[in-house]
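Student: Below you'll find the structure I mean.
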There are 2 protein chains.
Amino acid sequence: MDEQRSRGAGAANGSAAGATGATAAAAAAGAAPARIRPATGAVTLKQVAAEAEVSLATASRVLHRSGGREVRGPLAERVQTAAERLGYVSNPHAQALARARSSTVGLIVHDVTDPYFAAIATGAMHAAHAEGVMVMMAATFRDPELEIDYLSRLRAQGARGVLLAGSGSTDARVSGRLAEAIAAFTREGGRVAAIGARPDTHIDAVVPDNVAGARQARAHLEALGHKRIGIISGPETLLTVSQRLAGLGDGLRIIAADFTREGGYQAAKKLLAAHPGLTALIALNDLMAAGVLAAAKDAGRKVPDDLSVIGFDDLPFAADLSPALTTVRLPLRHMGERAMSLLLADPDEPSPKTIDIPVDLVTRASTAPAARR
Amino acid sequence: MDEQRSRGAGAANGSAAGATGATAAAAAAGAAPARIRPATGAVTLKQVAAEAEVSLATASRVLHRSGGREVRGPLAERVQTAAERLGYVSNPHAQALARARSSTVGLIVHDVTDPYFAAIATGAMHAAHAEGVMVMMAATFRDPELEIDYLSRLRAQGARGVLLAGSGSTDARVSGRLAEAIAAFTREGGRVAAIGARPDTHIDAVVPDNVAGARQARAHLEALGHKRIGIISGPETLLTVSQRLAGLGDGLRIIAADFTREGGYQAAKKLLAAHPGLTALIALNDLMAAGVLAAAKDAGRKVPDDLSVIGFDDLPFAADLSPALTTVRLPLRHMGERAMSLLLADPDEPSPKTIDIPVDLVTRASTAPAARR
DNA sequence: GACAATCTGGAAAGCGCTTTCCAGCGAGTA
DNA sequence: TACTCGCTGGAAAGCGCTTTCCAGATTGTC
């Protein structure tokens with residue numbers, strides 16, 4: 001830290017001059033032109049080079065293997081030692097600027113609080129960390145405009161890639177503009193990957209088999225003898241929702257609401273009141289399922305004796321609900337990892353590439369044979 | 001990948017040329033000195049300035065209010081229009097480099113999957129977004145080394161500030177090195193804030209009143225007639241834990257484990273087996289409380305009739321546990337917001353500043369009068 | 001032993017932006 | 001009317017790093 005201190009002193013001088021006597025002071029400074037701006041205080045490559053008594057170019061080549069050339073022998077060692085002694089940490093901005101590409105990736109989610117995204121983010125961060133890449137995480141709070149905005153900021157930043165974790169929209173207007181932004185980004189060498197399919201965009205994707213999962217859920221219920229099944233759905237503009245609905249098939253009562261716990265609660269309450277004959281409810285995600293469970297309780301329906309409930313995702317809390325939730329498990333964390341590695345893959349790899357992820361029904365205590373009536 | 005490819009091509013030429021017709025090729029490039037490197041493709045300030053027929057300086061002043069000077073009148077408008085027409089997005093790296101400070105802040109958490117951090121992160125991101133600042137979120141997976149590492153990377157990056165969301169450690173060795181890293185960062189004008197107190201470091205902090213919360217929890221239980229109370233504690237090296245323990249006071253059975261659901265489950269199982277006479281359990285966070293509930297069920301103890309349970313934090317799922325959890329609520333999201341605004345505050349504000357956050361006990365269904373025996 | 005082929009390290013030209021200093025100008029003062 | 005201000009816009013010097021091109025040193029070949 002010592003050099004920090006001495007730097008600090010220098011900076012103080014500099015700014016003092018700037019603040020007060022301006023020209024006079026500057027003139028007084030005389031021969032050596034006063035430092036214009038306060039130093040950042042960080043050790044620079046230049047200092048390392050000076051310390052090691054080599055040129056800037058050499059130092060850069062040693063420390064960052066840049067320029068596609070290697071330096072060996074005593075020179076290299078001197079640089080290494082100097083860098084360590086000084087505690088050199090390279091400035092990523094300068095590097096990004098000079099290279100026209102940074103070592104950051106963006107991770108765009110809808111909502112950080114949603115455990116679904118949290119799980120994906122964890123996986124992604126793990127994978128990124130393994131590659132020495134930093135993750136910039138941004139939350140759109142479900143505003144598609146923000147998604148586009150972040151994308152262009154990340155582009156301007158020269159991010160290496162961006163991972164879109166939120167489900168795509170089926171709204172053509174929005175997805176069109178997003179597709180444009182994505183195209184602009186990839187055209188410049190950025191890579192974009194998504195969790196879930198993004199039709200109309202040619203990007204890497206990790207896609208869970210929602211359709212098959214939904215089919216399993218229905219089959220499970222029918223095997224238990226359920227005939228009247230209700231669906232607690234999220235907004236149909238979400239691709240995830242429409243896929244799950246597709247897998248579920250026809251002949252079911254569907255009610256849509258927000259893709260949240262509260263949405264699930266309200267929808268279930270309404271549906272149960274309107275169709276008391278339903279013996280099972282499928283919520284299109286675990287958050288909604290939690291709400292469904294609460295609504296069932298309030299309505300005096302015992303789960304699973306009176307009413308079976310199934311969710312989707314298998315979020316960490318699913319097993320702690322009561323009764324423990326039967327749900328279609330998505331290996332969220334794993335998906336995050338795969339998606340990130342797609343993003344970080346060799347740029348020459350053929351792309352776009354799609355990784356299909358199988359899903360499974362996890363049977364717990366919230367489903368039981370249909371009550372005889 | 002386009003420029004990648006052309007890059008490849010260019011490089012190939014270059015080396016081929018180097019070997020052979022070097023000069024010839026360069027000469028062929030002709031009058032205009034060939035662009036050395038591929039353009040990033042993005043619109044630059046220079047282009048905007050040219051389009052608007054003003055100088056670079058003016059364009060910068062208009063578009064970024066930089067240099068502490070304002071430009072008004074037709075010039076300003078011309079620049080605005082040009083920028084819009086061209087779709088200009090400023091390059092944050094160049095800006096960071098020139099200003100020696102970027103408009104990013106770091107957010108360091110232990111674990112993204114933990115809803116506790118997710119809630120804080122949401123608040124922080126909201127506040128950051130309002131200021132047009134981007135958040136780099138990093139997870140340490142509870143490795144203090146990583147925390148220090150990230151801090152120095154953020155420093156090299158010229159981050160405006162860093163928010164430490166994880167609880168501080170009481171281990172002097174680790175916290176000493178961290179304190180050093182923090183000091184280095186602040187010395188350079190960076191700002192660091194924390195959620196929870198960080199003794200030994202002079203940084204801004206938002207600190208929940210854990211002691212008072214713990215006191216309320218105990219008082220509530222005692223008012224219900226509970227005499228034999230057990231504590232399911234996390235690792236005592238976490239400051240949060242030691243504060244909560246302090247507030248709880250003496251005369252209680254304590255068992256410590258991981259600060260997770262699983263830790264809570266195991267610890268409760270053990271404690272209940274060893275001391276069947278306990279009528280109430282206080283878990284030091286909601287995650288552990290979820291485990292406690294599960295363990296109680298497995299042990300055949302009915303909550304709350306047989307055993308009362310209290311948690312800490314009031315995570316979103318607390319109300320969905322069964323029975324709904326009585327817990328000490330921390331306004332997590334709000335805390336995240338406050339902490340971020342501390343970080344983004346005017347650098348001249350006196351600092352360090354500490355914001356105390358009051359906490360409340362939320363009474364739900366997991367506590368009841370002690371059973372007579 | 002003379003020359004070409006190869007390798008190495010250094011100088012320097014940027015990357016896109018900020019900010020200082022300077023010159024020019026109309027307005028205010030004496 | 002002569003002079004000093006206060007403003008405005010532009011030129012240019014960096015910020016810290018990468019990478020190209022060049023020149024000198026080293027090796028190999030006939």
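In the structure tokens, chains take the letters A, B, ... in the order shown, each chain's residues start at 1, and ligands count up from 1 in the order shown.
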Give me the residues of chain C that have any atom at most 9 Å from an atom of chain B; for each, the nearest atom pair and the distance in Å, rounded to one decimal. Use only C-alpha atoms (C1' of nucleotides), sort by chain and number, and format it as JSON lines.
Tutor:
```
{"residue": "C:DG14", "atom": "C1'", "partner": "B:Ile36", "partner_atom": "CA", "distance": 8.3}
{"residue": "C:DC15", "atom": "C1'", "partner": "B:Ala94", "partner_atom": "CA", "distance": 8.0}
{"residue": "C:DG16", "atom": "C1'", "partner": "B:Ala94", "partner_atom": "CA", "distance": 5.1}
{"residue": "C:DC17", "atom": "C1'", "partner": "B:Ala94", "partner_atom": "CA", "distance": 5.1}
{"residue": "C:DT18", "atom": "C1'", "partner": "B:Ala98", "partner_atom": "CA", "distance": 5.4}
{"residue": "C:DT19", "atom": "C1'", "partner": "B:Gly67", "partner_atom": "CA", "distance": 5.6}
```
Student: Using only C-alpha atoms (C1' of nucleotides), determine which residues lie at most 12 Å from range 26-28 of chain C, disregarding the query and same-chain residues fewer than 4 positions distant; provide the list as a list in words.
Tutor: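 What passes the distance filter is DC3, DT4, DC5, DG6, DC7 and DT8 of chain D.
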Student: Taking only C-alpha atoms (C1' of nucleotides) into account, name the residue in D:DG28, D:DC15, D:DT20, D:DG9 that is nearest to Leu75 in chain B.
Tutor: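 Result for the nearest residue to Leu75 in chain B: D:DG9.
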Student: What is the Cα root-mean-square deviation, to one decimal place in Å, for chain A superposed on chain B with all Cα atoms matched in order?
Tutor: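 Fitting chain A to chain B over paired C-alpha atoms yields 2.8 Å.
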Student: What residues in chain D have any atom no more than 9 Å from chain A when counting only C-alpha atoms (C1' of nucleotides), and can you write them as a list in words?
Tutor: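 Close enough to count are DG14, DC15, DG16, DC17, DT18 and DT19 of chain D.
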Student: For each of B:Val71, B:Ile108, B:Ala319, B:Ala119, take the minimum atom-to-atom distance to chain A, counting only C-alpha atoms, then give the residue where this is smallest.
Tutor: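 That would be B:Ala119, the residue with the smallest distance to chain A.
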Student: I need the contact residues of chain A against chain B, so if you could list those with any atom within 6 Å, counting only C-alpha atoms, and return them as a VMD selection string, that would help.
Tutor: chain A and resid 40 to 41 91 to 93 112 to 113 118 to 119 122 136 to 137 156 to 157 189 321 to 322
Student: With only C-alpha atoms (C1' of nucleotides) as the atoms that count, which of C:DC3, C:DC22, C:DA13, C:DA30 lies nearest to DT1 in chain D?
Tutor: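 Of all the options, C:DA30 lies closest to DT1 in chain D.
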Student: Which residues are close to DA23 in chain D, i.e. within 12 Å by only C-alpha atoms (C1' of nucleotides), leaving aside same-chain residues fewer than 3 positions away? Reply as a ChimeraX atom specification.
Tutor: /C:8-11
Student: Which distance in Å separates CA of Gln47 in chain B and CA of Val62 in chain B, to one decimal?
Tutor: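 The value is 14.3 Å.
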Student: Taking the backbone alone, and naming residues the way the document does, which bits of range 178-303 of chain B are alpha helix (DSSP H) by DSSP, as a PyMOL selection string?
Tutor: chain B and resi 178-187+210-223+239-248+261-274+286-298
Student: Do you have the CA of Leu330 in chain A-CA of Asp314 in chain A distance handy?
Tutor: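 One can read the CA of Leu330 in chain A to CA of Asp314 in chain A distance as 6.5 Å.
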Student: Determine the nearest neighbour of Gly196 in chain B from the options B:Ala371, B:Leu332, B:Leu343, B:Leu307, counting only C-alpha atoms.
Tutor: B:Leu332
